[in-house]
Structure formats: C-alpha cells, structure tokens
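> Sharing a structure with you now.
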Amino acid sequence: MQSFAYIDETLDINTTQSYELSIQLNLNGLSFCLLDTIRNKYIALQNYSLKPDNSFDDYLDSIESLLKSNELLNQKFKSVKLIWLSNKNTLIPSSLFITTNLKSYFEFNQKINDLDEIHYTELKYANAYSVFTIPNQIATIFTRLYPKIRFYNQQSPIIEYALFNSNSNEHKVYVNVESYFFDLTITYANKLLIYNNFIYKNAVDMLYYIMYSFDQLNINAETTELILSGDITKNSQDHLKLSEFIRYIKFQKHSEEYTYSYTFNKVHQHSFSNLFNLSHCE
C-alpha cells in the first residue's frame, strides 16, 4: 500500500488533548488515525509504507525517524493505543486468567523470542483476555514518546467488533487478511465460536482453512455471510478464489458509531478496520 495522508480541515493542532490517537504497526508500515472525541468524528488518517526486506535495526531507525518528523504524532493526546499486527497471540477465558501465568499461557501454543515482551488486554464482550507479544525495541520506542500508551494485538478489535455486531441467531464469519497470515472469527448469537489465525501462502491455503472451519461447525457456505477486512481487494486472487465457494461475501464497513472525514473516501473502508475499531477496546 502506498503512503498517504488524509487530514480533515477541521483538525486543530491546538486541541489534540481531546483527540484519541490509534496506531497500527507491522514490518510493512505504520498507520494512524485521530478521533475527535468531542464530535465523535475521525479527522485524520495517515499511512507510511516501509521496506519489509530491511534489517530489523534499519526498520527501528525508520520508525524512530518517522515519529520524530511527523508533527501530528508529537502532540499531546487524550489517549494513545497501538496495535502490533502479529499472529503471535492466544486467547484465555477470564475464569482461567491469572497474570502470573502469562508466560505459560503463551508458550502453550506460541514461541517467545528472547526480545519479546508479553502483554495482555481484557476483551469485555468475549469475557476473555488477549495475550500477545511485542518486540521489546518497538515497545520501548513508543513508550518513550507516549508514557501512557496501551498496546494491543489485532485480535482485540477483531473479536470485540465481531461480538458487538453479533445480534442475531445466525453465524457471522469474519476474515481479516494480513501479508502472510489471516485471522478467522466466527460468532453465533452473541457468542464467540472460533477465533484463530493461519499462516498462508496463497488463495488455496486460505480457502482450505476457511472451508474446513465451515465444515466443523456445519456452516452452509451458500447462505452464510463472510465479511472481509485488511489487506485484500475485490480483484485479488484471495477474494476471487473465496467467491467460487462462498456465495455471500462483503467487505467490512465503518462502524456507524462515528462519523468520518470525507477525505477518507479515497481509501477502502475495510483496509483499516482494525485501526478504527480499536475504539471498541478498553
């Protein structure tokens, strides 16, 4: 995705303390948006593309340089949240969650690197906790600039949004696509049935994992709606392959709880769903 900046003309650099800053970060780039909490309106959306083939040290230098050079990012905000996009996450029911067991929870199905930090967030609609890791160097860079920053994995906005919108006795299937993995979420009658993520190489891989999940839950691909978000487009091979087997596919729209600057009309709404839906997370 190309770098861009869409700023509403009503943004006031002198009133940023009433704005909420949400940041989304992975090895491919950094995106952020600003929510004016007085008007309940998103008024800024920016994206910076980075070279994923650079060394990690070069990547860290690029992030620090970007943070220093962007005027908006150097203001004071009402709150700051950051999503680290990664498939290294796990979900723990609230009834079993104990903070002293974080490492053992995570290592049950994930590997912790030497420089990983373990974080967790509560999912209010799921009655569970998201446990995930962030590279220590990333956390340090952002904590230095925003001492009260809160960290998240994309697992949180994905699940919270899905459950917030699960209000009928029908299965709803959400697929959030990233560069090398995708998140699959299935809800039914306000309950979370499945959340998982899968590493994939091509559209056939993606189709296999989704159809297998449909089969396990006896979900009818002819009648059940699949909602897409993230790094996927209507003309992509992923979407075209899914369309051969799943009849009702749509792309996720903006939450109706907020209004959005007209300047965002040049961007596909589903591309930054997690960033905008971070507002659903505590």
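By convention in this document, the chains of the structure tokens carry letters A, B, ... by their order, each chain's residues are numbered from 1, and ligands are numbered from 1 in the order they are shown.
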Identify, with DSSP run on backbone atoms, the residues in range 31-266 of chain A assigned to strand (DSSP E or B), and express the list as an MDAnalysis selection string.
chainID A and resid 31:36 41:49 79:84 89:93 116:123 128:135 150:153 171:177 181:188 191:199 225:230 248:251 259:260
> Find the residues around Thr121 in chain A up to 8 Å (only C-alpha atoms counted), leave out those fewer than 6 positions away in its own chain, and share them as a list in words.
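Residues near the query, excluding close chain neighbours: Tyr129, Ser130, Val131, Tyr152, Ser156 and Glu282 of chain A.
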> Among range 76-253 of chain A, which residues does DSSP mark as alpha helix (DSSP H) when it is run on the backbone? Keep the chain and numbering as in the structure and answer as a JSON list (two decimals) with C-alpha atoms, in the first residue's frame.

```
[["chain", "number", "residue", "atom", "x", "y", "z"],
["A", 102, "LEU", "CA", 1.15, -15.26, 31.28],
["A", 103, "LYS", "CA", 4.31, -16.92, 30.05],
["A", 104, "SER", "CA", 2.94, -20.45, 30.42],
["A", 105, "TYR", "CA", -0.34, -19.44, 28.71],
["A", 106, "PHE", "CA", 1.53, -18.07, 25.75],
["A", 107, "GLU", "CA", 4.07, -20.85, 25.42],
["A", 136, "ASN", "CA", 10.89, -5.03, 23.27],
["A", 137, "GLN", "CA", 12.55, -2.49, 20.98],
["A", 138, "ILE", "CA", 9.18, -1.48, 19.50],
["A", 139, "ALA", "CA", 7.54, -1.13, 22.90],
["A", 140, "THR", "CA", 10.44, 0.97, 24.18],
["A", 141, "ILE", "CA", 10.34, 3.41, 21.25],
["A", 142, "PHE", "CA", 6.64, 4.13, 21.69],
["A", 143, "THR", "CA", 6.61, 4.15, 25.48],
["A", 144, "ARG", "CA", 9.36, 6.76, 25.41],
["A", 145, "LEU", "CA", 7.17, 9.06, 23.32],
["A", 155, "GLN", "CA", -7.09, -10.00, 17.98],
["A", 156, "SER", "CA", -8.75, -7.46, 20.29],
["A", 157, "PRO", "CA", -10.52, -5.15, 17.79],
["A", 158, "ILE", "CA", -11.40, -8.12, 15.56],
["A", 159, "ILE", "CA", -13.17, -10.07, 18.31],
["A", 160, "GLU", "CA", -14.73, -7.07, 20.02],
["A", 161, "TYR", "CA", -16.16, -5.75, 16.76],
["A", 162, "ALA", "CA", -17.49, -9.18, 15.77],
["A", 163, "LEU", "CA", -19.25, -9.70, 19.10],
["A", 164, "PHE", "CA", -20.54, -6.13, 19.22],
["A", 203, "ALA", "CA", -5.54, -18.27, -2.00],
["A", 204, "VAL", "CA", -5.94, -22.05, -1.95],
["A", 205, "ASP", "CA", -4.45, -22.20, 1.56],
["A", 206, "MET", "CA", -6.87, -19.55, 2.76],
["A", 207, "LEU", "CA", -9.86, -21.28, 1.20],
["A", 208, "TYR", "CA", -8.89, -24.62, 2.74],
["A", 209, "TYR", "CA", -8.72, -23.27, 6.32],
["A", 210, "ILE", "CA", -11.99, -21.37, 5.99],
["A", 211, "MET", "CA", -13.94, -24.22, 4.40],
["A", 212, "TYR", "CA", -12.57, -26.67, 6.98],
["A", 213, "SER", "CA", -13.90, -24.39, 9.74],
["A", 214, "PHE", "CA", -17.26, -24.19, 7.97],
["A", 215, "ASP", "CA", -17.37, -27.98, 7.86],
["A", 216, "GLN", "CA", -16.50, -28.37, 11.55],
["A", 237, "GLN", "CA", -6.71, -13.80, -6.04],
["A", 238, "ASP", "CA", -7.76, -14.40, -2.42],
["A", 239, "HIS", "CA", -11.15, -12.79, -2.97],
["A", 240, "LEU", "CA", -11.71, -14.39, -6.37],
["A", 241, "LYS", "CA", -10.98, -17.87, -5.03],
["A", 242, "LEU", "CA", -13.24, -17.43, -1.99],
["A", 243, "SER", "CA", -16.03, -16.21, -4.28],
["A", 244, "GLU", "CA", -16.00, -19.53, -6.12],
["A", 245, "PHE", "CA", -17.15, -21.38, -2.99]]
```
> Excluding Leu193 in chain A and any residue of its chain fewer than 5 positions from it, enumerate the residues within 10 Å of it, using only C-alpha atoms, and give them as a PyMOL selection string.
chain A and resi 171-173+185-188+217
> Using only C-alpha atoms, pick whichever of A:Lys266, A:Lys191, A:Lys201, A:Lys234 has the shortest atom-to-atom distance to Tyr125 in chain A.
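Closest to Tyr125 in chain A of all the choices is A:Lys191.
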> Neighbours of Ser229 in chain A within 7 Å (only C-alpha atoms; same-chain residues fewer than 4 positions away dropped), as a PDB file with C-alpha atoms, in the first residue's frame?

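Saved result, around-v6.pdb, follows:
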```pdb
ATOM      1  CA  VAL A 175     -11.708 -12.869   7.871  1.00  0.00           C
ATOM      2  CA  ASN A 176      -9.004 -10.269   8.420  1.00  0.00           C
ATOM      3  CA  VAL A 177      -6.126 -10.587   5.939  1.00  0.00           C
ATOM      4  CA  PHE A 251     -16.151  -6.010   2.749  1.00  0.00           C
ATOM      5  CA  GLN A 252     -16.364  -4.558   6.228  1.00  0.00           C
ATOM      6  CA  HIS A 270     -12.142  -2.357   5.131  1.00  0.00           C
ATOM      7  CA  SER A 271      -8.399  -1.727   4.746  1.00  0.00           C
ATOM      8  CA  SER A 273     -10.990  -1.712  10.038  1.00  0.00           C
TER       9      SER A 273
END
```
> Quick one: residues within 12 Å of Ile38 in chain A, only C-alpha atoms counted, chain neighbours fewer than 4 positions away excluded, as a list of chain:residue names?
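The neighbour list is A:Leu11, A:Thr15, A:Thr16, A:Gln17, A:Ser18, A:Tyr19, A:Glu20, A:Leu34, A:Tyr42, A:Ile43, A:Lys78, A:Tyr258, A:Thr259.
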> I'd like the interatomic distance between CA of Asn265 in chain A and CA of Leu82 in chain A, to a tenth of an Å.
23.5 Å
> From the options A:Lys253, A:Lys111, A:Arg150, A:Lys76, which residue's atoms come nearest to Thr133 in chain A, counting only C-alpha atoms?
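Ranked by minimum distance to Thr133 in chain A, first place goes to A:Lys111.
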> Of the residues A:Asn196, A:Thr100, A:Ser22, A:Ser69, which is the one nearest to Cys281 in chain A, using only C-alpha atoms?
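Closest candidate: A:Ser22.
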> Record the distance separating CA of Pro93 in chain A and CA of Phe182 in chain A, expressed in Å with one decimal.
22.0 Å
> Just give me the gap between CA of Thr224 in chain A and CA of Leu192 in chain A in Å, one decimal is fine.
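Calculated distance between CA of Thr224 in chain A and CA of Leu192 in chain A is 15.9 Å.
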> Given the choices A:Ile246, A:Ala44, A:Leu278, A:Leu184, which gets closest to Ile13 in chain A if the distance is worked out from only C-alpha atoms?
A:Ala44
